[in-house]
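Enquirer: I am attaching a structure below and will ask some questions about it afterwards.
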Amino acid sequence: MELDNLYQEVILDHYKRPQNKKLATTFDAQVHHVNPSCGDEIDLNLVIKNEIVTSITWDGVGCSISQASVSILTDLLVGKSITEAYAIYDNFVALMQSKGAIKGDESVLEDAIALAGVSKYPARIKCALLGWMAFKDASVQAQAKSELG
Amino acid sequence: MELDNLYQEVILDHYKRPQNKKLATTFDAQVHHVNPSCGDEIDLNLVIKNEIVTSITWDGVGCSISQASVSILTDLLVGKSITEAYAIYDNFVALMQSKGAIKGDESVLEDAIALAGVSKYPARIKCALLGWMAFKDASVQAQAKSELG
Amino acid sequence: MTLDPSVIRKDFPIFDRTIRDGKKLVYLDSGATSQKPNSVIDAESDFYRNHNAAAHRGAHQLAEEATGAIESAREVVANFLGGETDEIVFTKSSTEALNLLAYSIGNAPMGNLFHLKPGDEIVVSEMEHHANLIPWQQLAKRTGTVMKWFEVNETGRLDLSNIEGVITERTKIVALTHQSNVLGTIIPLSEIAKRTHAVGAIFILDACQSVPHMPVNVKALDVDFLVFSGHKTVGPTGIGVLWGRANLLNHLPPFLFGGSMIETVTMTDATWAPAPRKFEAGVPNMAQIVGLEAALNYLSDIGMENIHQHEIALTKYTLDKLQEIDQLRIVGPTDTNSRGSAISFTLGQIHPHDLGQFLDSAGIAVRTGHHCAWPLTRKMGVPATTRASLYLYNDESDIDALVAATLGAQKYFA
Amino acid sequence: MTLDPSVIRKDFPIFDRTIRDGKKLVYLDSGATSQKPNSVIDAESDFYRNHNAAAHRGAHQLAEEATGAIESAREVVANFLGGETDEIVFTKSSTEALNLLAYSIGNAPMGNLFHLKPGDEIVVSEMEHHANLIPWQQLAKRTGTVMKWFEVNETGRLDLSNIEGVITERTKIVALTHQSNVLGTIIPLSEIAKRTHAVGAIFILDACQSVPHMPVNVKALDVDFLVFSGHKTVGPTGIGVLWGRANLLNHLPPFLFGGSMIETVTMTDATWAPAPRKFEAGVPNMAQIVGLEAALNYLSDIGMENIHQHEIALTKYTLDKLQEIDQLRIVGPTDTNSRGSAISFTLGQIHPHDLGQFLDSAGIAVRTGHHCAWPLTRKMGVPATTRASLYLYNDESDIDALVAATLGAQKYFA
Ligand SMILES: Cc1ncc(COP(=O)(O)O)c(C=O)c1O
Ligand SMILES: Cc1ncc(COP(=O)(O)O)c(C=O)c1O
């Protein structure tokens, strides 16, 4: 079934058992993002220590794609340096916007590669990117704060 | 030539030798009307004595149809009772809006019957009506004034 | 007379195509936009091919024909709604028509009957589409007026228990949707219009979801303004209609300024043509106006009452079938009393976006999300819904396909 | 490469019809609206037949296709103008686009870079179309700002002798037509844009009469906003374009409020999506957007520079031939320096309306009147003019017909 390319096992697994879905009470930055076309919402808290992403926690409502995507993101980016995290972010965004033209680099994207099928469903790309946009936004805020501090 | 139905001799005559085209200095009502789609303008002065139209004078710029139509109107309505004038007015407006379906009553409209061809040219109907609308407006004002006076 | 969707579908060329590798198109998204019959598509093309010129702006034959075409369309629209020809204003959409009203009212100077002053009140409801909510919010902010609204109860009906507290002597405008695009609810219009006029306020009806689906007569409804969109009425995109009572249109200041809406113009000032012209600045959306005429003629030939009866029967069938599905909750009235054919629902824990995607893979087009009525979805206690919305070309086989695929989705996402 | 109008005319089905009992159509009214090639008509029809659904509002395949169609059109428009995709806003017309700017600027609160305060100045010219004049008059009235303008001299050129007195430190907006729809004059844009930016004001270009006729690149022109209409650009009716610099669009408040332009909505407030979405409320005029894409592709295939050269040559031919006619006065520049193909004239005492009617009886479509630029006709000392306006499908035989019929009219009305 064509649809199985979109809804890979990994995605449904993360959807049913989301990772880090409980907002930590301490954080360097906290953001709230919405997908205005469908109403999906996400809160995301981020901690960056010595240029390393040490914690990403979140809460939200949304479809399997948006929920799985942020869950996968937390698994993938925690422990990475901010530079590494941005490289992965760029890689993921490029994959989403590829209209299926590129396959994505599994060595970089790991589980997030399962979202490759989304790129063929233009209306769902925003779902997959919701958590990633929130992370990017939070990281910029956290870094701005650390520069001030 | 089809166009000759529109530009009857009578019309071109009135256009070249317009009647009563010189604003009288005394009047019961004075109006200014414009045709916003082409910029034609007319000033019209009216005198009504004992329910009789005793003077219609005018000035203005416009196409042959609008100029001839008001010139014909002045010839036709001066000397008529206001009731007769309104009957002629109604007759003329109906002819203009007939899309060529009615011929018009020459015994009522006299020279104004020459404008019958205009009704087949929708964009010109407003030209033919410009002076008539001005007359109607002025007569209403003049009567209102005489009721007050 | 009953209506045969399988015959009607032959008029709509889109049903000749297939979806997702060969599946039959089951189009249940007419609440968002309707499909177009050949007669509408051909009317637009024919205008371009044979009569295209700037209406109201030339003495040549093509310009005469173009003018005649849009003015005859105005008559058809007027007859369709039971209004007068000069009461019909063409806009690009309902959204523009509602914004026209809000901006024009906002432009009314002191002394004009539409003038708003701080403390005046504008009444809407919790079931408004954003297009009939945000323009009023913004007008309220600009003028210092107060927004009030009717609440929606858990069965999806307007709560009129406090109607006298909502519509008061301070109310100047009541702007309501005739039929909710989410719940399908048809509002008790006459009661509200009566109260509105009793306090001397103006009643504006968002008829986007009613004009396409049932007979609507502006005189019988006793409203002051009404808007609807061509594209939801088997008509072209890019065309909407504002109807208003002649005497109100006369007093209402214009909205868009430009060519063809003026009487005189100098470098510093301008005066306006009479309505409807004063509201139609610029070269009109002529081909779309002509297409709308064809659309309304198409619907009239079938008969709005026939369409309405067909939709009631099919809505009943849909509500019954859907409610047999485990964990499916209808969001909105579950019977067909004062109810149209927009049917929203949730399905257990399955997110509407996922359900919609699954249905799509089966060739079924529905809409998911907040349907541009976000405060309403929030009020109904759901983040989003799946909406099936019906029209004259739908039949029971479409609903059977919807039900089967919905059951399939339950298995898939279990 | 030169362009062959007789070949081009084959793409435009309207030239298959005749006028006033069998006469060949000589269409010299493209300044009012252009004719449409088959590829544009077919693109609109094809959208309705095969891809129609509400763009940006559904996860189903048709909605995806509709979204893809209008977003690819946005790219085509951006490339055509040399702008960025997100800088393209679709409107229904230039008139709407200019009103959008005037209302959005009027909506700017204190602190916003577009905010106007009493005493600020808005600059236009005496050769503006009503669509680029009245919206600013009205904005000035609402905000207490002052209208100033460049005058037009007797040769039909903008008088820039006092440019520093017209555009001053108080100037916030300069809104000018690129090419006069009456005189054909092309304005000395770079000099005015430079002065505008030197005083920190915003430059708005009404490109209705330039974008259809010559290469226009927003970066090279150094303007801040630009508008044009689809229907004058061999495109459909009901579609216009606003281009704006990305950073300016970001700061500009929205105009029409409703669906698809929001970020979040509550009963009393709302926040906005990023540009261009925040300026596109409601279901878009999708078929018209797709038709515009086809129109720009059609023009690009022929080449805007080729079209421009063709028009310059034909304008020169027309000016020369017309000036041979006794008592004929060209109202506007009489050479082709900085001049487009709109050619207005008067003919002795013959009223333009009568001349136009005579030309029509010979199958020739021109426009007569004040051409929605009434202050300009007044300034030029004429009550009205006759205007022939040329495009890519016109050739010398059209001009010969115009000249012959004009001479005929002189006899007829002698
Ligand atoms: C210079 C100019 N500006 C603005 C407009 C208005 O364009 P539209 O009527 O397409 O909105 C026109 C054409 O009518 C024009 O020629
Ligand atoms: C109830 C209601 N009001 C207003 C609108 C706005 O209509 P449009 O998008 O055609 O302007 C819609 C549809 O989107 C609607 O369903």
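Residue names in the structure tokens use chain letters A, B, ... in the order shown, residue numbers from 1 in each chain, and ligand numbers from 1 in the order shown.
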Near chain C, meaning an atom within 10 Å, which residues of chain B appear when counting only C-alpha atoms? Write them as number ranges by chain.
Expert: B: 33-39, 121-124
Enquirer: Mind writing the picked residues with C-alpha atoms as an mmCIF file, in the first residue's frame?
Expert:
```cif
data_model
loop_
_atom_site.group_PDB
_atom_site.id
_atom_site.type_symbol
_atom_site.label_atom_id
_atom_site.label_comp_id
_atom_site.auth_asym_id
_atom_site.auth_seq_id
_atom_site.Cartn_x
_atom_site.Cartn_y
_atom_site.Cartn_z
ATOM 1 C CA HIS B 33 -25.287 66.922 -14.159
ATOM 2 C CA VAL B 34 -22.390 64.777 -15.345
ATOM 3 C CA ASN B 35 -21.970 61.486 -17.125
ATOM 4 C CA PRO B 36 -19.173 59.946 -15.067
ATOM 5 C CA SER B 37 -18.221 57.349 -17.657
ATOM 6 C CA CYS B 38 -17.322 59.885 -20.371
ATOM 7 C CA GLY B 39 -17.063 63.209 -18.573
ATOM 8 C CA TYR B 121 -26.518 51.302 -28.384
ATOM 9 C CA PRO B 122 -26.528 50.674 -24.625
ATOM 10 C CA ALA B 123 -23.440 52.782 -23.969
ATOM 11 C CA ARG B 124 -25.127 55.827 -25.534
#
```
Enquirer: Could you pull out the strand (DSSP E or B) residues of segment 16-149 of chain B from DSSP and send them as a list in words?
Expert: Ala29, Gln30, Val31, His32, His33, Val34, Asn35, Asp40, Glu41, Ile42, Asp43, Leu44, Asn45, Leu46, Val47, Ile48, Lys49, Ile52, Val53, Thr54, Ser55, Ile56, Thr57, Trp58, Asp59, Gly60, Val61 and Ser81 of chain B
Enquirer: Any idea which chain C residues end up within 7 Å of chain D if we count only C-alpha atoms, as an MDAnalysis selection string please?
Expert: chainID C and resid 13:14 17 19 32:33 35:36 41 45 48:50 52:54 58:61 92 95:96 99 130:131 134:135 137 237:238 256:259 265:269 281:282 284:287 356:357 360 365 367:368 372 374:375
Enquirer: Between atom CA of Lys278 of chain D and atom CA of Thr177 of chain C, what is the distance, to one decimal in Å?
Expert: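 That distance, rounded to one decimal, is 23.0 Å.
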Enquirer: Could you tell me which of B:Ala144, B:Val31, B:Cys127, B:Ala101 comes closest to Asp59 of chain B if we count only C-alpha atoms?
Expert: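 Smallest separation from Asp59 of chain B among the options: B:Val31.
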Enquirer: Fewer than 3 positions away in the same chain doesn't count, so skip those; otherwise give me all residues within 8 Å of Gln179 of chain C, counting only C-alpha atoms, as a PDB file with C-alpha atoms, in the first residue's frame.
Expert:
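After the write, selection.pdb holds the following:
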```
ATOM      1  CA  GLY C 184     -23.992  21.831   9.803  1.00  0.00           C
ATOM      2  CA  THR C 185     -26.266  23.680  12.235  1.00  0.00           C
ATOM      3  CA  ILE C 186     -28.827  26.018  10.661  1.00  0.00           C
ATOM      4  CA  ILE C 187     -29.510  28.904  13.038  1.00  0.00           C
ATOM      5  CA  ALA C 207     -24.922  32.546   3.630  1.00  0.00           C
ATOM      6  CA  CYS C 208     -21.835  30.772   2.249  1.00  0.00           C
ATOM      7  CA  GLN C 209     -23.133  27.411   3.406  1.00  0.00           C
ATOM      8  CA  SER C 210     -26.843  27.952   2.765  1.00  0.00           C
ATOM      9  CA  ARG C 339     -29.278  20.978   9.788  1.00  0.00           C
ATOM     10  CA  GLY C 340     -27.343  21.039   6.560  1.00  0.00           C
TER      11      GLY C 340
END
```
Enquirer: Run DSSP on the backbone of this structure and report the residues of chain B it assigns to alpha helix (DSSP H), as an NGL selection string.
Expert: :B and (3-6 or 9-16 or 64-77 or 82-96 or 106-109 or 122-148)
Enquirer: Got a sec: who's within 12 Å of Lys136 of chain A, counting only C-alpha atoms, leaving out chain neighbours fewer than 4 positions off, as a PyMOL selection string?
Expert: chain A and resi 29-33+44-46+53+56+70+73+77+82-83+85-90+93+129-132+140-143
Enquirer: What would the file look like if the residues just selected were written as a compact mmCIF listing (two decimals), in the first residue's frame with N, CA and C atoms?
Expert:
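Below you can see out36.txt, which holds the result:
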```txt
# COMPACT_ATOMS: atom_id res chain seq x y z
N ALA A 29 15.24 27.74 27.21
CA ALA A 29 14.28 28.40 26.32
C ALA A 29 13.03 27.55 26.25
N GLN A 30 11.90 28.23 26.13
CA GLN A 30 10.61 27.55 26.01
C GLN A 30 9.86 28.20 24.87
N VAL A 31 9.37 27.38 23.95
CA VAL A 31 8.63 27.95 22.81
C VAL A 31 7.31 27.23 22.62
N HIS A 32 6.40 27.93 21.96
CA HIS A 32 5.09 27.38 21.62
C HIS A 32 4.89 27.58 20.13
N HIS A 33 4.71 26.52 19.39
CA HIS A 33 4.50 26.66 17.95
C HIS A 33 3.17 26.02 17.56
N LEU A 44 7.79 23.31 23.59
CA LEU A 44 9.09 22.63 23.61
C LEU A 44 10.04 23.37 24.53
N ASN A 45 10.67 22.62 25.47
CA ASN A 45 11.66 23.20 26.39
C ASN A 45 13.04 22.66 26.05
N LEU A 46 14.01 23.55 26.10
CA LEU A 46 15.34 23.17 25.64
C LEU A 46 16.40 23.59 26.66
N VAL A 53 23.45 20.11 23.38
CA VAL A 53 22.02 19.99 23.68
C VAL A 53 21.86 18.92 24.75
N ILE A 56 15.74 18.07 25.60
CA ILE A 56 14.61 18.59 24.83
C ILE A 56 13.37 17.86 25.35
N VAL A 70 8.62 15.01 16.28
CA VAL A 70 9.27 15.67 17.41
C VAL A 70 9.84 14.64 18.37
N LEU A 73 13.04 13.57 16.93
CA LEU A 73 13.99 14.67 17.07
C LEU A 73 14.64 14.67 18.45
N LEU A 77 18.67 14.46 18.76
CA LEU A 77 19.49 15.65 18.97
C LEU A 77 20.06 15.78 20.38
N ILE A 82 25.62 21.75 19.37
CA ILE A 82 24.65 22.58 18.65
C ILE A 82 25.01 22.62 17.17
N THR A 83 26.29 22.58 16.85
CA THR A 83 26.70 22.56 15.43
C THR A 83 26.21 21.29 14.75
N ALA A 85 23.74 19.45 15.72
CA ALA A 85 22.27 19.49 15.69
C ALA A 85 21.78 20.31 14.49
N TYR A 86 22.45 21.44 14.24
CA TYR A 86 22.04 22.28 13.11
C TYR A 86 22.28 21.56 11.77
N ALA A 87 23.38 20.80 11.72
CA ALA A 87 23.66 20.07 10.48
C ALA A 87 22.55 19.05 10.23
N ILE A 88 22.13 18.37 11.28
CA ILE A 88 21.05 17.38 11.14
C ILE A 88 19.76 18.09 10.75
N TYR A 89 19.51 19.22 11.39
CA TYR A 89 18.32 20.02 11.09
C TYR A 89 18.29 20.39 9.59
N ASP A 90 19.41 20.91 9.09
CA ASP A 90 19.47 21.30 7.68
C ASP A 90 19.20 20.11 6.77
N VAL A 93 15.44 19.23 6.91
CA VAL A 93 14.60 20.19 6.18
C VAL A 93 14.76 19.98 4.68
N LEU A 129 7.64 19.15 10.11
CA LEU A 129 8.60 20.20 10.47
C LEU A 129 8.23 20.94 11.76
N LEU A 130 7.00 20.77 12.23
CA LEU A 130 6.53 21.56 13.37
C LEU A 130 7.53 21.53 14.54
N GLY A 131 7.91 20.32 14.98
CA GLY A 131 8.83 20.19 16.11
C GLY A 131 10.22 20.73 15.79
N TRP A 132 10.64 20.56 14.55
CA TRP A 132 11.98 21.00 14.15
C TRP A 132 12.06 22.52 14.14
N VAL A 140 17.88 29.18 19.11
CA VAL A 140 18.32 30.55 18.87
C VAL A 140 18.10 31.39 20.13
N GLN A 141 16.94 31.20 20.75
CA GLN A 141 16.65 31.94 21.98
C GLN A 141 17.62 31.57 23.10
N ALA A 142 17.89 30.27 23.22
CA ALA A 142 18.77 29.81 24.30
C ALA A 142 20.17 30.37 24.12
N GLN A 143 20.65 30.37 22.87
CA GLN A 143 21.99 30.88 22.63
C GLN A 143 22.08 32.38 22.87
```
